[in-house]
$ cat model.cif   # mmCIF, C-alpha atoms
data_model
loop_
_atom_site.group_PDB
_atom_site.id
_atom_site.type_symbol
_atom_site.label_atom_id
_atom_site.label_comp_id
_atom_site.auth_asym_id
_atom_site.auth_seq_id
_atom_site.Cartn_x
_atom_site.Cartn_y
_atom_site.Cartn_z
ATOM 1 C CA MET B 1 -3.204 11.945 20.796
ATOM 2 C CA ASN B 2 -6.004 9.425 20.319
ATOM 3 C CA LYS B 3 -7.742 8.163 23.434
ATOM 4 C CA LYS B 4 -8.657 4.505 23.413
ATOM 5 C CA CYS B 5 -10.707 2.411 25.836
ATOM 6 C CA VAL B 6 -11.352 -1.272 26.348
ATOM 7 C CA PHE B 7 -14.834 -2.666 26.923
ATOM 8 C CA ALA B 8 -14.622 -6.384 27.650
ATOM 9 C CA GLY B 9 -17.176 -9.070 28.363
ATOM 10 C CA THR B 10 -18.444 -12.445 27.308
ATOM 11 C CA PHE B 11 -21.111 -10.980 24.960
ATOM 12 C CA ASP B 12 -22.976 -14.301 24.899
ATOM 13 C CA PRO B 13 -24.800 -12.973 22.908
ATOM 14 C CA PRO B 14 -24.321 -9.236 22.370
ATOM 15 C CA THR B 15 -27.370 -7.309 23.614
ATOM 16 C CA THR B 16 -28.886 -3.902 22.961
ATOM 17 C CA GLY B 17 -27.377 -2.875 26.294
ATOM 18 C CA HIS B 18 -23.890 -3.825 25.081
ATOM 19 C CA LYS B 19 -24.471 -1.889 21.866
ATOM 20 C CA ARG B 20 -25.512 1.208 23.792
ATOM 21 C CA ILE B 21 -22.433 1.086 26.053
ATOM 22 C CA ILE B 22 -20.130 0.690 23.043
ATOM 23 C CA CYS B 23 -21.789 3.639 21.309
ATOM 24 C CA ASP B 24 -21.410 5.680 24.509
ATOM 25 C CA CYS B 25 -17.700 4.790 24.568
ATOM 26 C CA LEU B 26 -17.333 6.539 21.228
ATOM 27 C CA LYS B 27 -18.832 9.714 22.687
ATOM 28 C CA ILE B 28 -15.884 9.821 25.104
ATOM 29 C CA PHE B 29 -13.048 8.064 23.269
ATOM 30 C CA ASP B 30 -11.602 8.159 19.767
ATOM 31 C CA GLU B 31 -11.365 4.377 19.628
ATOM 32 C CA ALA B 32 -12.943 1.436 21.471
ATOM 33 C CA VAL B 33 -11.558 -2.071 21.730
ATOM 34 C CA VAL B 34 -14.408 -4.502 22.297
ATOM 35 C CA ALA B 35 -12.924 -7.685 23.681
ATOM 36 C CA VAL B 36 -14.720 -11.015 23.848
ATOM 37 C CA LEU B 37 -13.165 -12.507 26.965
ATOM 38 C CA VAL B 38 -12.651 -16.221 27.315
ATOM 39 C CA ASN B 39 -14.238 -17.159 30.646
ATOM 40 C CA THR B 40 -13.671 -20.772 31.614
ATOM 41 C CA ASP B 41 -16.132 -20.387 34.527
ATOM 42 C CA LYS B 42 -19.018 -20.019 32.078
ATOM 43 C CA THR B 43 -20.507 -22.389 29.528
ATOM 44 C CA PRO B 44 -21.254 -20.138 26.582
ATOM 45 C CA LEU B 45 -24.047 -20.703 24.087
ATOM 46 C CA PHE B 46 -21.969 -19.215 21.272
ATOM 47 C CA THR B 47 -18.274 -19.749 20.525
ATOM 48 C CA GLU B 48 -15.808 -16.894 20.959
ATOM 49 C CA GLU B 49 -15.505 -16.653 17.178
ATOM 50 C CA GLU B 50 -19.296 -16.504 16.717
ATOM 51 C CA ARG B 51 -19.548 -13.723 19.318
ATOM 52 C CA LYS B 52 -16.683 -11.840 17.698
ATOM 53 C CA ASN B 53 -18.351 -12.158 14.280
ATOM 54 C CA LEU B 54 -21.671 -10.874 15.671
ATOM 55 C CA LEU B 55 -19.921 -7.826 17.151
ATOM 56 C CA CYS B 56 -17.920 -7.236 13.963
ATOM 57 C CA LYS B 57 -21.116 -7.270 11.914
ATOM 58 C CA LEU B 58 -22.850 -4.966 14.383
ATOM 59 C CA PHE B 59 -20.083 -2.363 14.053
ATOM 60 C CA LYS B 60 -18.901 -3.121 10.518
ATOM 61 C CA ASP B 61 -19.275 0.491 9.395
ATOM 62 C CA ASP B 62 -17.356 2.054 12.275
ATOM 63 C CA LYS B 63 -13.583 1.957 11.912
ATOM 64 C CA ARG B 64 -13.175 3.332 15.442
ATOM 65 C CA ILE B 65 -14.199 -0.027 16.898
ATOM 66 C CA LYS B 66 -11.831 -2.981 17.027
ATOM 67 C CA VAL B 67 -13.277 -6.342 18.039
ATOM 68 C CA THR B 68 -10.961 -8.985 19.416
ATOM 69 C CA VAL B 69 -10.974 -12.201 21.434
ATOM 70 C CA PHE B 70 -8.771 -12.232 24.520
ATOM 71 C CA ASP B 71 -7.846 -15.086 26.823
ATOM 72 C CA GLY B 72 -6.276 -13.640 29.928
ATOM 73 C CA ALA B 73 -6.490 -10.975 32.593
ATOM 74 C CA VAL B 74 -8.051 -7.619 31.772
ATOM 75 C CA VAL B 75 -4.941 -5.806 33.005
ATOM 76 C CA ASP B 76 -2.919 -7.719 30.399
ATOM 77 C CA LEU B 77 -5.427 -6.730 27.731
ATOM 78 C CA LEU B 78 -5.087 -3.068 28.743
ATOM 79 C CA GLU B 79 -1.290 -3.375 28.531
ATOM 80 C CA HIS B 80 -1.566 -5.055 25.138
ATOM 81 C CA GLU B 81 -3.835 -2.272 23.856
ATOM 82 C CA LYS B 82 -1.643 0.430 25.448
ATOM 83 C CA THR B 83 -4.477 2.142 27.300
ATOM 84 C CA PRO B 84 -5.382 2.564 30.976
ATOM 85 C CA PHE B 85 -9.090 3.155 30.229
ATOM 86 C CA TYR B 86 -11.431 0.295 31.107
ATOM 87 C CA VAL B 87 -15.171 0.797 30.600
ATOM 88 C CA ARG B 88 -17.800 -1.155 32.506
ATOM 89 C CA GLY B 89 -21.573 -1.061 32.080
ATOM 90 C CA ILE B 90 -23.620 -0.866 35.262
ATOM 91 C CA ARG B 91 -27.314 -1.824 35.447
ATOM 92 C CA ASN B 92 -27.862 -1.963 39.189
ATOM 93 C CA THR B 93 -26.212 -2.080 42.608
ATOM 94 C CA ILE B 94 -25.337 -5.758 42.153
ATOM 95 C CA ASP B 95 -23.324 -4.876 39.031
ATOM 96 C CA PHE B 96 -21.723 -1.974 40.886
ATOM 97 C CA GLU B 97 -20.609 -4.143 43.816
ATOM 98 C CA TYR B 98 -19.197 -6.785 41.459
ATOM 99 C CA GLU B 99 -17.402 -4.240 39.269
ATOM 100 C CA ASN B 100 -16.078 -2.292 42.235
ATOM 101 C CA ALA B 101 -14.548 -5.447 43.752
ATOM 102 C CA ASN B 102 -12.880 -6.134 40.406
ATOM 103 C CA PHE B 103 -11.707 -2.523 40.225
ATOM 104 C CA PHE B 104 -9.787 -2.799 43.503
ATOM 105 C CA ALA B 105 -8.243 -6.118 42.446
ATOM 106 C CA ASN B 106 -7.258 -4.694 39.047
ATOM 107 C CA LYS B 107 -5.845 -1.527 40.630
ATOM 108 C CA LYS B 108 -3.369 -3.649 42.616
ATOM 109 C CA LEU B 109 -2.214 -5.256 39.368
ATOM 110 C CA LYS B 110 -2.213 -2.116 37.207
ATOM 111 C CA LYS B 111 -1.781 1.098 39.166
ATOM 112 C CA ASP B 112 -2.624 3.421 36.261
ATOM 113 C CA ILE B 113 -5.959 1.728 35.380
ATOM 114 C CA VAL B 114 -8.849 4.170 34.983
ATOM 115 C CA THR B 115 -12.178 2.364 35.285
ATOM 116 C CA ILE B 116 -15.200 4.199 33.932
ATOM 117 C CA TYR B 117 -18.688 3.060 34.879
ATOM 118 C CA LEU B 118 -21.405 3.810 32.338
ATOM 119 C CA PRO B 119 -24.941 3.359 33.641
ATOM 120 C CA ALA B 120 -27.540 1.534 31.583
ATOM 121 C CA GLU B 121 -30.495 3.477 30.297
ATOM 122 C CA GLN B 122 -33.635 2.980 32.353
ATOM 123 C CA ASP B 123 -35.414 1.101 29.563
ATOM 124 C CA SER B 124 -32.653 -1.514 29.434
ATOM 125 C CA LEU B 125 -31.928 -2.171 33.091
ATOM 126 C CA GLN B 126 -33.297 -5.722 32.831
ATOM 127 C CA ILE B 127 -31.427 -6.644 29.648
ATOM 128 C CA SER B 128 -28.598 -9.139 29.985
ATOM 129 C CA SER B 129 -27.120 -11.980 27.997
ATOM 130 C CA THR B 130 -28.529 -14.312 30.667
ATOM 131 C CA LEU B 131 -32.038 -12.966 29.980
ATOM 132 C CA VAL B 132 -31.545 -13.646 26.270
ATOM 133 C CA LYS B 133 -30.227 -17.177 26.892
ATOM 134 C CA ASN B 134 -33.135 -17.947 29.235
ATOM 135 C CA SER B 135 -35.575 -16.628 26.644
ATOM 136 C CA ILE B 136 -33.972 -18.902 24.073
ATOM 137 C CA LYS B 137 -34.061 -21.863 26.467
ATOM 138 C CA PHE B 138 -37.764 -21.406 27.197
ATOM 139 C CA LYS B 139 -38.612 -20.563 23.567
ATOM 140 C CA LYS B 140 -39.668 -16.979 24.363
ATOM 141 C CA ASN B 141 -39.289 -13.937 22.138
ATOM 142 C CA PHE B 142 -35.982 -12.155 22.740
ATOM 143 C CA ALA B 143 -35.931 -9.867 19.683
ATOM 144 C CA ASP B 144 -36.189 -6.683 21.764
ATOM 145 C CA TYR B 145 -33.040 -7.589 23.707
ATOM 146 C CA VAL B 146 -30.575 -8.031 20.846
ATOM 147 C CA PRO B 147 -29.630 -5.491 18.176
ATOM 148 C CA GLU B 148 -31.839 -5.875 15.112
ATOM 149 C CA GLU B 149 -28.761 -5.795 12.854
ATOM 150 C CA ILE B 150 -27.615 -9.181 14.190
ATOM 151 C CA LEU B 151 -30.921 -10.838 15.116
ATOM 152 C CA PRO B 152 -31.067 -12.850 11.852
ATOM 153 C CA ASP B 153 -27.489 -14.036 12.422
ATOM 154 C CA ILE B 154 -28.321 -15.136 15.968
ATOM 155 C CA MET B 155 -31.365 -17.016 14.677
ATOM 156 C CA LYS B 156 -29.218 -18.806 12.061
ATOM 157 C CA LEU B 157 -26.659 -19.770 14.680
ATOM 158 C CA LEU B 158 -29.405 -21.108 16.931
ATOM 159 C CA GLU B 159 -30.861 -23.102 14.055
ATOM 160 C CA LYS B 160 -27.461 -24.679 13.407
ATOM 161 C CA LYS B 161 -27.174 -25.521 17.090
ATOM 162 C CA ASP B 162 -30.707 -26.945 17.017
ATOM 163 C CA VAL B 163 -31.589 -24.796 20.059
ATOM 164 C CA ARG B 164 -34.851 -23.195 18.922
ATOM 165 C CA LYS B 165 -36.595 -26.330 17.657
ATOM 166 C CA THR B 166 -39.811 -27.218 19.433
ATOM 167 C CA ASP B 167 -40.538 -30.700 20.768
#

$ encode --input "model.cif" --output "structure tokens"
Amino acid sequence: MNKKCVFAGTFDPPTTGHKRIICDCLKIFDEAVVAVLVNTDKTPLFTEEERKNLLCKLFKDDKRIKVTVFDGAVVDLLEHEKTPFYVRGIRNTIDFEYENANFFANKKLKKDIVTIYLPAEQDSLQISSTLVKNSIKFKKNFADYVPEEILPDIMKLLEKKDVRKTD
């Protein structure tokens, strides 16, 4: 029987930390569903479709990874994907507290959920999509924080959005 997990987030944009967690998922599971979640509480820089396309390009050669966009509760996504395994990346104690609160809420909604916390590598503890967006906003180099395979695509998207132009 194949074991499948879900790793969900906004991925706005996907970072090297996201890539590492997804690759780690494949060390444990036969298949990983990477879900771009629609979060109405956030104002994303990139559309859901753009984020999905970036992730698809990043993992284009790995058939064990399915990238999808999902608008709804994580427990519904797990039901839809027919798996109880939910992977979360943890960088620090703030992430842990946030994820643990969500774990207890999710457990009430889906009793069989199995949440797996994967710690970030020490050299990427500071990497987040927010760091990348702030770097973009202040016209700072962010190349080390996004996977090199999709950096040119991110730059093209930013050009189209007129975000990286200088005054």

$ closest_atom_pairs --input "model.cif" --of "range 20-66 of chain B" --to "range 104-128 of chain B" --cutoff "9 Å" --atoms "all atoms listed in the file" --output "tab-separated table"
residue	atom	partner	partner_atom	distance
B:Arg20	CA	B:Ala120	CA	8.1
B:Ile21	CA	B:Leu118	CA	6.9
B:Asp24	CA	B:Leu118	CA	8.0
B:Cys25	CA	B:Leu118	CA	8.7

$ resolve_selection --input "model.cif" --expression "the PyMOL selection byres ((chain B and resi 44-58) around 9)" --output "MDAnalysis selection string"
chainID B and resid 10:14 19 34:39 42:43 59:61 65:69 133 147 149:150 153:154 157:158

$ resolve_selection --input "model.cif" --expression "the PyMOL selection byres ((chain B and resi 81) around 9)" --output "list of chain:residue names"
B:Lys4, B:Cys5, B:Val6, B:Val33, B:Asp76, B:Leu77, B:Leu78, B:Glu79, B:His80, B:Lys82, B:Thr83, B:Pro84

$ atom_distance --input "model.cif" --atom1 "CA of Thr16 in chain B" --atom2 "CA of Lys156 in chain B"
18.5 Å

$ atom_distance --input "model.cif" --atom1 "CA of Thr130 in chain B" --atom2 "CA of Gly72 in chain B"
22.3 Å

$ closest_residue --input "model.cif" --among "B:Tyr86, B:Pro152, B:His18, B:Asp41" --to "Glu99 in chain B" --atoms "all atoms listed in the file"
B:Tyr86

$ closest_residue --input "model.cif" --among "B:Asp30, B:Glu97, B:Thr40, B:Phe70" --to "Ala8 in chain B" --atoms "only C-alpha atoms"
B:Phe70

$ atom_distance --input "model.cif" --atom1 "CA of Leu151 in chain B" --atom2 "CA of Cys23 in chain B"
18.2 Å

$ residues_around --input "model.cif" --residues "Ile136 in chain B" --least-positions-apart "2" --cutoff "12 Å" --atoms "only C-alpha atoms" --output "ChimeraX atom specification"
/B:12-13,45,129-134,138-143,145-146,154-155,157-159,161-166

$ write_last_selection --input "model.cif" --atoms "C-alpha atoms" --output "compact mmCIF listing (two decimals), keeping the file's coordinate frame"
# COMPACT_ATOMS: atom_id res chain seq x y z
CA ASP B 12 -22.98 -14.30 24.90
CA PRO B 13 -24.80 -12.97 22.91
CA LEU B 45 -24.05 -20.70 24.09
CA SER B 129 -27.12 -11.98 28.00
CA THR B 130 -28.53 -14.31 30.67
CA LEU B 131 -32.04 -12.97 29.98
CA VAL B 132 -31.54 -13.65 26.27
CA LYS B 133 -30.23 -17.18 26.89
CA ASN B 134 -33.14 -17.95 29.24
CA PHE B 138 -37.76 -21.41 27.20
CA LYS B 139 -38.61 -20.56 23.57
CA LYS B 140 -39.67 -16.98 24.36
CA ASN B 141 -39.29 -13.94 22.14
CA PHE B 142 -35.98 -12.16 22.74
CA ALA B 143 -35.93 -9.87 19.68
CA TYR B 145 -33.04 -7.59 23.71
CA VAL B 146 -30.58 -8.03 20.85
CA ILE B 154 -28.32 -15.14 15.97
CA MET B 155 -31.36 -17.02 14.68
CA LEU B 157 -26.66 -19.77 14.68
CA LEU B 158 -29.40 -21.11 16.93
CA GLU B 159 -30.86 -23.10 14.06
CA LYS B 161 -27.17 -25.52 17.09
CA ASP B 162 -30.71 -26.94 17.02
CA VAL B 163 -31.59 -24.80 20.06
CA ARG B 164 -34.85 -23.20 18.92
CA LYS B 165 -36.60 -26.33 17.66
CA THR B 166 -39.81 -27.22 19.43

$ axis_aligned_box --input "model.cif" --around "range 20-25 of chain B" --padding-each-side "6 Å" --output "lines of an AutoDock Vina configuration file"
center_x = -21.6
center_y = 3.2
center_z = 23.7
size_x = 19.8
size_y = 17.0
size_z = 16.7

$ closest_residue --input "model.cif" --among "B:Gly9, B:Ala73, B:Lys3, B:Thr15" --to "Lys27 in chain B" --atoms "only C-alpha atoms"
B:Lys3

$ closest_residue --input "model.cif" --among "B:Val75, B:Asp62, B:Glu31, B:Gly17" --to "Asp144 in chain B" --atoms "all atoms listed in the file"
B:Gly17
